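Working notes for the structure below.
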Amino acid sequence: MTNTPLTPESATDITAITQLVVRERESRDLCLWNRMAECFHEDSHVDISWFQGSGKEFVQASKGMFERGMRAKHRLGPVLVTLNGDKAVATLSGIIDVPEEIDGVEMTLSAHCLMIYRAEKRGGAWGLISFGAIYRRDEFIPAIPGVVADISPEKLKQFRPSYRNLSYCLELAGFEVNNELPGEDRPETVAAIMEEVFGWAGLPVPD
């Protein structure tokens, strides 16, 4: 199935979905809120570390996060689209970079994850149905080499290993963190989201 030659129509759809995913993330980073909102269907859902709700609500919450001074940016890998008619799953590896000051020390939080989108074509146009992530690991990187913040390991014990530093950073900013998200520290959560997302599209889970 994966090696089947693309038809002109499927190639066009894959290009459109790839551009949709990149447009959503770039709009977030550039604060293009209206353009970001246009990427989501009305009945879409977002479930990530600091937010659970509709796509349109996610856009407003992202705007609020930016206005509160949390200026996250995203480094994106190539987008892989798995297509099945008018439904598709798009995945990409990404790194979320968040500038943070901890005890007067400038740091950058870098959170590594696999971003997962569901997309559906309606009225001839593709839109996002869901956005989620599988969390892998994260770290703090000092802005000035050799200067590090003193973070007690005790403060991090309450958080999941796959996104503990991200959780700590979000809590410092006043956000409530969902501690039950898919993460590689809990393989069963990864299997569950993959089955849910690919099953929705009528596709087998990659093996």
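So you can find residues: chains in the structure tokens are A, B, ... in the order shown, residues in each start at 1, and ligands are numbered from 1 in order.
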
Closest pair table for region 86-124 of chain A residues within 9 Å of region 150-167 of chain A, only C-alpha atoms, as JSON lines:
```
{"residue": "A:Val98", "atom": "CA", "partner": "A:Leu166", "partner_atom": "CA", "distance": 8.8}
{"residue": "A:Ile102", "atom": "CA", "partner": "A:Asp150", "partner_atom": "CA", "distance": 8.2}
{"residue": "A:Asp103", "atom": "CA", "partner": "A:Asp150", "partner_atom": "CA", "distance": 7.7}
{"residue": "A:Leu109", "atom": "CA", "partner": "A:Leu166", "partner_atom": "CA", "distance": 6.9}
{"residue": "A:Ser110", "atom": "CA", "partner": "A:Leu166", "partner_atom": "CA", "distance": 7.9}
{"residue": "A:Ala111", "atom": "CA", "partner": "A:Leu166", "partner_atom": "CA", "distance": 6.5}
{"residue": "A:His112", "atom": "CA", "partner": "A:Tyr163", "partner_atom": "CA", "distance": 8.4}
{"residue": "A:Cys113", "atom": "CA", "partner": "A:Ser162", "partner_atom": "CA", "distance": 8.9}
```

Taking C-alpha atoms for each residue, export the selection above as a compact mmCIF listing (two decimals), in the first residue's frame.
```txt
# COMPACT_ATOMS: atom_id res chain seq x y z
CA VAL A 98 10.28 28.03 24.65
CA ILE A 102 14.55 30.53 35.76
CA ASP A 103 16.02 32.19 38.85
CA LEU A 109 13.14 24.64 26.91
CA SER A 110 13.25 22.20 23.98
CA ALA A 111 10.49 19.59 23.94
CA HIS A 112 10.72 16.75 21.40
CA CYS A 113 7.51 15.15 20.16
```

Using only C-alpha atoms, which residues sit within 8 Å of region 86-90 of chain A once same-chain residues fewer than 2 positions away are excluded, as number ranges by chain?
A: 17-18, 21, 79-84, 92, 116-122, 197-198, 201

Could those residues be written to a file, using N, CA and C atoms, as a CSV table (one decimal), in the first residue's frame?
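Written file, out.csv:
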```
chain,number,residue,atom,x,y,z
A,17,ILE,N,-2.6,18.7,2.1
A,17,ILE,CA,-2.6,18.4,3.6
A,17,ILE,C,-1.2,18.8,4.2
A,18,THR,N,-0.2,18.6,3.5
A,18,THR,CA,1.2,19.0,4.0
A,18,THR,C,1.2,20.5,4.2
A,21,VAL,N,-0.9,21.6,7.3
A,21,VAL,CA,-0.2,21.3,8.6
A,21,VAL,C,0.9,22.4,8.8
A,79,VAL,N,6.7,16.3,6.8
A,79,VAL,CA,5.3,15.8,7.1
A,79,VAL,C,5.1,14.5,6.3
A,80,LEU,N,4.6,13.5,7.0
A,80,LEU,CA,4.2,12.2,6.3
A,80,LEU,C,2.7,12.1,6.3
A,81,VAL,N,2.1,12.1,5.2
A,81,VAL,CA,0.7,12.0,5.0
A,81,VAL,C,0.3,10.6,4.6
A,82,THR,N,-0.7,10.0,5.4
A,82,THR,CA,-1.2,8.7,5.0
A,82,THR,C,-2.7,9.0,4.6
A,83,LEU,N,-3.0,8.7,3.4
A,83,LEU,CA,-4.3,9.2,2.8
A,83,LEU,C,-5.3,8.0,2.6
A,84,ASN,N,-6.5,8.2,2.9
A,84,ASN,CA,-7.6,7.2,2.6
A,84,ASN,C,-8.8,8.0,2.2
A,92,LEU,N,4.5,14.3,12.0
A,92,LEU,CA,5.8,14.9,11.8
A,92,LEU,C,6.5,15.1,13.1
A,116,ILE,N,0.7,14.8,15.6
A,116,ILE,CA,-0.3,14.0,14.9
A,116,ILE,C,-1.5,14.8,14.6
A,117,TYR,N,-1.8,14.9,13.3
A,117,TYR,CA,-3.0,15.6,12.8
A,117,TYR,C,-4.0,14.6,12.1
A,118,ARG,N,-5.3,14.8,12.3
A,118,ARG,CA,-6.3,14.2,11.4
A,118,ARG,C,-6.8,15.3,10.6
A,119,ALA,N,-7.0,15.0,9.3
A,119,ALA,CA,-7.5,16.0,8.3
A,119,ALA,C,-8.6,15.3,7.5
A,120,GLU,N,-9.6,16.1,7.1
A,120,GLU,CA,-10.7,15.6,6.4
A,120,GLU,C,-11.1,16.7,5.3
A,121,LYS,N,-11.4,16.1,4.1
A,121,LYS,CA,-11.8,17.0,3.0
A,121,LYS,C,-13.3,17.2,3.0
A,122,ARG,N,-13.8,18.4,3.1
A,122,ARG,CA,-15.2,18.7,3.1
A,122,ARG,C,-15.4,19.8,2.0
A,197,VAL,N,-6.3,7.3,16.0
A,197,VAL,CA,-6.2,8.2,14.9
A,197,VAL,C,-6.3,7.4,13.5
A,198,PHE,N,-5.5,6.4,13.4
A,198,PHE,CA,-5.5,5.6,12.1
A,198,PHE,C,-6.8,4.9,11.9
A,201,ALA,N,-9.4,7.1,10.4
A,201,ALA,CA,-9.2,7.2,8.9
A,201,ALA,C,-9.4,5.9,8.2
```

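Summary of the local environment: counting only C-alpha atoms, residues at most 12 Å from Ser27 (chain A), other than itself and those fewer than 5 positions away along its chain, are A:Gln19, A:Leu20, A:Val21, A:Val22, A:Leu32, A:Trp33, A:Asn34, A:Arg35, A:Met36, A:Ala37, A:Glu38, A:Cys39, A:Val59, A:Ser62, A:Lys63, A:Lys73, A:His74.
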
Could you go through region 167-198 of chain A and tell me which residues DSSP, when run on the backbone, assigns to alpha helix (DSSP H), listing them as a list of chain:residue names?
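Residues meeting the alpha helix (DSSP H) criterion: A:Ser167, A:Tyr168, A:Cys169, A:Leu170, A:Glu171, A:Leu172, A:Pro187, A:Glu188, A:Thr189, A:Val190, A:Ala191, A:Ala192, A:Ile193, A:Met194, A:Glu195, A:Glu196, A:Val197, A:Phe198.
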
Next, the residues of the selection above should be written as a PDB file, in the first residue's frame with C-alpha atoms.
```pdb
ATOM      1  CA  SER A 167       5.358  20.554  32.487  1.00  0.00           C
ATOM      2  CA  TYR A 168       7.570  22.460  34.916  1.00  0.00           C
ATOM      3  CA  CYS A 169       7.887  25.362  32.497  1.00  0.00           C
ATOM      4  CA  LEU A 170       4.122  25.503  31.904  1.00  0.00           C
ATOM      5  CA  GLU A 171       3.325  25.406  35.602  1.00  0.00           C
ATOM      6  CA  LEU A 172       5.732  28.275  36.222  1.00  0.00           C
ATOM      7  CA  PRO A 187       4.061   2.779  25.430  1.00  0.00           C
ATOM      8  CA  GLU A 188       0.433   1.808  25.954  1.00  0.00           C
ATOM      9  CA  THR A 189      -0.610   5.456  25.562  1.00  0.00           C
ATOM     10  CA  VAL A 190       1.258   5.649  22.260  1.00  0.00           C
ATOM     11  CA  ALA A 191      -0.457   2.513  20.981  1.00  0.00           C
ATOM     12  CA  ALA A 192      -3.860   3.877  22.016  1.00  0.00           C
ATOM     13  CA  ILE A 193      -3.567   7.177  20.165  1.00  0.00           C
ATOM     14  CA  MET A 194      -2.162   5.519  17.047  1.00  0.00           C
ATOM     15  CA  GLU A 195      -5.069   3.054  16.983  1.00  0.00           C
ATOM     16  CA  GLU A 196      -7.570   5.863  17.526  1.00  0.00           C
ATOM     17  CA  VAL A 197      -6.206   8.193  14.866  1.00  0.00           C
ATOM     18  CA  PHE A 198      -5.505   5.635  12.142  1.00  0.00           C
TER      19      PHE A 198
END
```

Would you give me, as a count of residues only, the residues in region 68-114 of chain A that DSSP reads as strand (DSSP E)?
35

Residue among A:Leu114, A:Cys31, A:Ala72, A:Met107 lying closest to Ala133 (chain A), counting only C-alpha atoms:
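Closest residue, counting only C-alpha atoms: A:Leu114.
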
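Shortest separation to Ser10 (chain A) among A:Gly94, A:Gly132, A:Pro182, A:Gly85 occurs at residue A:Gly85, atoms counted being only C-alpha atoms.
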
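Between CA of Asp13 (chain A) and CA of Trp200 (chain A) lies a distance of 18.0 Å.
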
Report the distance between CA of Pro145 (chain A) and CA of Arg68 (chain A) in Å, rounded to one decimal place.
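These two atoms are separated by 27.1 Å.
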